[in-house]
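A.B. asks: Have a look at this one.
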Amino acid sequence: AALKQIKKLDGTYNCYVTVDEEAALKEAEEVQKKIEAGELTGPLAGVPVAVKDNMCTEGMLTTCSSKILYNFKPTYTAEAVLNLKKAGAVVIGKTNMDEFAMGSTTETSHFGPTKNPWNQEHVPGGSSGGSCAAVAAEECSYALGSDTGGSIRQPSSFCGVTGIKPTYGTVSRYGLIAYGSSLDQIGPVCKDVTDCATVLEAIASYDPKDSTSVKRESYDFTSALKDDVKGLKIGIPRDYFGEGLDPEVKESILKAAKVLEEKGAILEEFDLSLVEYAIPAYYVIASAEASSNLARFDGVKYGYRTKEYNGLHNMYKKSRSEGFGPEVKRRIMLGSFVLSSGYYDAYYIKALKTKALIKQAFDRAFEKYDVILGPAAPTTAPKLGESLSDPIKMYLGDIYTISVNLAGLPGISVPCGVDSKGLPIGMQLIGDCFKEDNIIRAAYAFE
Ligand code: GLN
């Protein structure tokens, strides 16, 4: 059914970079046999999944939607995808994204933009726009995305689907092509909260191959699927509802908060503060890490190599100049600058100090509240082309999501309405570290 839907719609939406029909059907047959033999019994057995194209899949193209990896077939599979395969999932393809996950619209992809299934003139959000649009268009049953600064939650909100960014360290980053390693997390993009909790339970694991993987006390996320928020304390940061927030989004989020209050949650407004520093701190840290992580793409080890060159250094330079797109180059330059001697303390170290203060502000908030509630994005999906011309405006759109990554917290985006243009709105629920159960509980009760 998913493959049929892809044939019918993907020429229009462009959710996928790669669809491997043959491999998917073969895998499905094998899974079917195991199900019949009673070897696979879990809820994900035989269910087709789409994987964001920055997660390595052995023998299957993994491009990060970049020209520099246009022909890259990894020799191993990312741990999160392996975990899914163990549960009997069938990988049907790899989804489109902003190049190297840098962007908020899926327009920086080398393979052209993905379109929002709710309205083709609008972007699906990003950078996991292909994954979220594929779920919205039913071109898969669920998908994996990655979230460095909002890339699961913001496109989920733009596409009317549900996505979780887990606590940093919960899902292994082994085999996830690094963007900002201290912020990157893989998470599920699904039709509803139940699916999200089920998929998260399958992909989360302690993995010694990822040095930042955390051994958690519990990997049970589905027990939180209870329609009960009585006594749950929800903080609403005033800073999240000020200038720049679209009035229709605001109204819809506050209405959603009311629903939770009517179900017995206790709502209170508070000042989170420091929110305004999140964007500059994030773009310094993420770019610094990206400039280092992307040094490996040099035309030697993988992917694209320029055709004509004069010596090794010229080959590096031309391969990288021709292989990376403009947004990626902008980040590499910014990152190299903030890490260079003389500027390191002024920018990079200062950003790290800001990150620590933001974490402290959240720690204080979680002494009082179980959940923080706000929008996932200040607007609904913009039109295609609008953000490309103004990168700063695009960066400002990350205001509600990136502090969650800086603090390593879990966050979920759940659909909570549509605006007058008929575009979906997402509510974001943020939890304390390792407290996914609280946000899953609140999201489930609301849904
Ligand atoms: N929009 C943010 C950026 O461009 C976040 C992207 C992400 O989470 N991968 O960096």
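Residues are named by chain letter and number: chains run A, B, ... in the order of the structure tokens, numbers start at 1 in each chain, and ligands are numbered from 1 in the order shown.
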Counting only C-alpha atoms, what is within 9 Å of Lys318 (chain A), bar same-chain residues fewer than 2 positions away, as a list in words?

C.D. replies: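 Residues meeting the cut-off are Gly299, Arg305, Thr306, Lys307, Glu308, Tyr309, His313, Asn314, Met315, Tyr316, Arg320, Ser321, Glu322 and Gly323 of chain A.
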
A.B. asks: Any chance you can output those residues with N, CA and C atoms as a PDB file, in the first residue's frame?

C.D. replies:
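That gives us result-v3.pdb:
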```
ATOM      1  N   GLY A 299      36.373  14.480  -0.855  1.00  0.00           N
ATOM      2  CA  GLY A 299      36.569  13.937  -2.201  1.00  0.00           C
ATOM      3  C   GLY A 299      37.449  12.689  -2.210  1.00  0.00           C
ATOM      4  N   ARG A 305      33.795  13.587  -6.187  1.00  0.00           N
ATOM      5  CA  ARG A 305      35.124  14.155  -6.407  1.00  0.00           C
ATOM      6  C   ARG A 305      35.087  14.960  -7.704  1.00  0.00           C
ATOM      7  N   THR A 306      35.666  16.145  -7.659  1.00  0.00           N
ATOM      8  CA  THR A 306      35.686  17.006  -8.844  1.00  0.00           C
ATOM      9  C   THR A 306      36.368  16.292 -10.006  1.00  0.00           C
ATOM     10  N   LYS A 307      35.990  16.664 -11.206  1.00  0.00           N
ATOM     11  CA  LYS A 307      36.511  15.962 -12.390  1.00  0.00           C
ATOM     12  C   LYS A 307      37.966  16.353 -12.703  1.00  0.00           C
ATOM     13  N   GLU A 308      38.218  17.665 -12.709  1.00  0.00           N
ATOM     14  CA  GLU A 308      39.581  18.103 -13.069  1.00  0.00           C
ATOM     15  C   GLU A 308      40.216  18.843 -11.903  1.00  0.00           C
ATOM     16  N   TYR A 309      41.453  18.510 -11.605  1.00  0.00           N
ATOM     17  CA  TYR A 309      42.128  19.201 -10.510  1.00  0.00           C
ATOM     18  C   TYR A 309      43.630  19.130 -10.694  1.00  0.00           C
ATOM     19  N   HIS A 313      45.520  19.515  -2.781  1.00  0.00           N
ATOM     20  CA  HIS A 313      44.798  20.632  -2.153  1.00  0.00           C
ATOM     21  C   HIS A 313      43.747  21.206  -3.077  1.00  0.00           C
ATOM     22  N   ASN A 314      44.092  21.288  -4.350  1.00  0.00           N
ATOM     23  CA  ASN A 314      43.138  21.784  -5.337  1.00  0.00           C
ATOM     24  C   ASN A 314      41.952  20.813  -5.472  1.00  0.00           C
ATOM     25  N   MET A 315      42.237  19.515  -5.334  1.00  0.00           N
ATOM     26  CA  MET A 315      41.167  18.517  -5.414  1.00  0.00           C
ATOM     27  C   MET A 315      40.198  18.675  -4.232  1.00  0.00           C
ATOM     28  N   TYR A 316      40.755  18.838  -3.001  1.00  0.00           N
ATOM     29  CA  TYR A 316      39.899  19.077  -1.825  1.00  0.00           C
ATOM     30  C   TYR A 316      39.003  20.280  -2.069  1.00  0.00           C
ATOM     31  N   ARG A 320      34.917  20.161  -2.546  1.00  0.00           N
ATOM     32  CA  ARG A 320      34.057  20.756  -1.520  1.00  0.00           C
ATOM     33  C   ARG A 320      33.279  21.953  -2.069  1.00  0.00           C
ATOM     34  N   SER A 321      33.918  22.747  -2.895  1.00  0.00           N
ATOM     35  CA  SER A 321      33.228  23.917  -3.475  1.00  0.00           C
ATOM     36  C   SER A 321      32.065  23.479  -4.349  1.00  0.00           C
ATOM     37  N   GLU A 322      32.286  22.408  -5.105  1.00  0.00           N
ATOM     38  CA  GLU A 322      31.233  21.946  -6.021  1.00  0.00           C
ATOM     39  C   GLU A 322      30.224  21.031  -5.318  1.00  0.00           C
ATOM     40  N   GLY A 323      30.673  20.364  -4.238  1.00  0.00           N
ATOM     41  CA  GLY A 323      29.828  19.346  -3.600  1.00  0.00           C
ATOM     42  C   GLY A 323      28.849  19.874  -2.563  1.00  0.00           C
TER      43      GLY A 323
END
```

A.B. asks: Collect all residues with atoms no farther than 10 Å from ligand 1, counting only C-alpha atoms and all ligand atoms, and output them as an MDAnalysis selection string.

C.D. replies: chainID A and resid 97:106 108 125:128 145:155 165 178:180 183:185 279 282:283 286:287 290 327:328 331 391 394:399 401:402 405

A.B. asks: Restricting the calculation to only C-alpha atoms, which member of A:Asn438, A:Asn54, A:Ser223, A:Ser109 is positioned closest to Leu176 (chain A)?

C.D. replies: A:Asn54

A.B. asks: Which residues of region 205-314 of chain A have any atom within 12 Å of an atom in region 81-95 of chain A when counting only C-alpha atoms, and what is the closest pair of atoms for each, with the distance in Å to one decimal? Order the rows by chain and rising number and write it as a tab-separated table.

C.D. replies:
```
residue	atom	partner	partner_atom	distance
A:Ser205	CA	A:Asn83	CA	8.2
A:Tyr206	CA	A:Asn83	CA	11.1
A:Asp207	CA	A:Asn83	CA	10.8
```

A.B. asks: Please dump the current selection as a PDB file, in the first residue's frame; keep C-alpha atoms.

C.D. replies:
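Dumped everything to out-v6.pdb:
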```pdb
ATOM      1  CA  SER A 205      18.799   1.635  23.508  1.00  0.00           C
ATOM      2  CA  TYR A 206      22.093   1.910  25.320  1.00  0.00           C
ATOM      3  CA  ASP A 207      24.837   1.678  22.727  1.00  0.00           C
TER       4      ASP A 207
END
```

A.B. asks: I need the residues of region 210-322 of chain A that end up classed as alpha helix (DSSP H) by DSSP on the backbone, written out as a PyMOL selection string.

C.D. replies: chain A and resi 247-262+278-293+312-322

A.B. asks: Excluding Ala137 (chain A) and any residue of its chain fewer than 5 positions from it, enumerate the residues within 10 Å of it, using only C-alpha atoms, and give them as a VMD selection string.

C.D. replies: chain A and resid 2 5 to 6 9 to 10 13 15 116 to 118 132 159

A.B. asks: According to DSSP computed on the backbone, where in region 221-424 of chain A is there strand (DSSP E)? Give the residues as a list in words.

C.D. replies: Lys233, Ile234, Gly235, Ile236, Pro237, Ile266, Leu267, Glu268, Glu269, Phe270, Val371, Ile372, Leu373, Gly374, Pro375, Gly411, Ile412, Ser413, Val414, Pro415, Cys416, Gly417, Val418 and Pro424 of chain A

A.B. asks: Excluding same-chain residues fewer than 2 positions from Asp432 (chain A), what lies within 8 Å of it counting only C-alpha atoms, as a PyMOL selection string?

C.D. replies: chain A and resi 362-363+366+370-371+409-410+430+434-436

A.B. asks: Could you write those residues out with N, CA and C atoms, as a short mmCIF file (atom, residue, chain, number, x, y, z; two decimals), in the first residue's frame?

C.D. replies:
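Result went into out_31.cif, see below:
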```
data_model
loop_
_atom_site.label_atom_id
_atom_site.label_comp_id
_atom_site.auth_asym_id
_atom_site.auth_seq_id
_atom_site.Cartn_x
_atom_site.Cartn_y
_atom_site.Cartn_z
N PHE A 362 15.86 25.94 32.58
CA PHE A 362 14.92 24.81 32.47
C PHE A 362 14.89 23.99 33.76
N ASP A 363 16.08 23.78 34.35
CA ASP A 363 16.13 23.01 35.62
C ASP A 363 15.24 23.67 36.67
N PHE A 366 11.62 23.04 35.89
CA PHE A 366 11.16 21.67 36.15
C PHE A 366 11.13 21.32 37.64
N ASP A 370 5.81 19.71 35.57
CA ASP A 370 6.11 18.42 34.94
C ASP A 370 6.32 18.58 33.44
N VAL A 371 5.61 19.56 32.90
CA VAL A 371 5.61 19.74 31.45
C VAL A 371 5.61 21.24 31.14
N LEU A 409 16.75 18.23 26.41
CA LEU A 409 15.45 17.77 26.91
C LEU A 409 14.62 17.04 25.85
N PRO A 410 13.62 16.27 26.29
CA PRO A 410 12.69 15.68 25.32
C PRO A 410 11.56 16.66 24.98
N ILE A 430 7.26 20.03 26.38
CA ILE A 430 8.66 19.79 26.72
C ILE A 430 8.72 19.14 28.10
N PHE A 434 14.86 12.68 30.63
CA PHE A 434 14.40 11.32 30.93
C PHE A 434 12.94 11.26 31.39
N LYS A 435 12.21 12.33 31.16
CA LYS A 435 10.79 12.36 31.56
C LYS A 435 9.89 12.36 30.33
N GLU A 436 10.21 11.55 29.35
CA GLU A 436 9.34 11.41 28.18
C GLU A 436 7.94 11.01 28.60
#
```

A.B. asks: Using only C-alpha atoms, which protein or nucleic acid residues come within 12 Å of Glu29 (chain A)? Drop anything in the same chain fewer than 6 positions from it, and give the result as a PyMOL selection string.

C.D. replies: chain A and resi 22-23+35-36+45-47+88-90

A.B. asks: With C-alpha atoms kept, could you save the residues just selected as an mmCIF file, in the first residue's frame?

C.D. replies:
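Below is the file part_30.cif, written as the result:
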```cif
data_model
loop_
_atom_site.group_PDB
_atom_site.id
_atom_site.type_symbol
_atom_site.label_atom_id
_atom_site.label_comp_id
_atom_site.auth_asym_id
_atom_site.auth_seq_id
_atom_site.Cartn_x
_atom_site.Cartn_y
_atom_site.Cartn_z
ATOM 1 C CA GLU A 22 12.726 -4.628 -4.659
ATOM 2 C CA ALA A 23 14.604 -4.691 -1.346
ATOM 3 C CA ILE A 35 5.713 -13.707 11.700
ATOM 4 C CA GLU A 36 4.112 -16.940 10.526
ATOM 5 C CA ALA A 45 6.663 -6.456 12.518
ATOM 6 C CA GLY A 46 6.020 -5.999 8.805
ATOM 7 C CA VAL A 47 5.166 -2.308 9.091
ATOM 8 C CA GLY A 88 10.593 -6.584 11.997
ATOM 9 C CA ALA A 89 10.279 -3.144 10.404
ATOM 10 C CA VAL A 90 10.561 -2.959 6.609
#
```
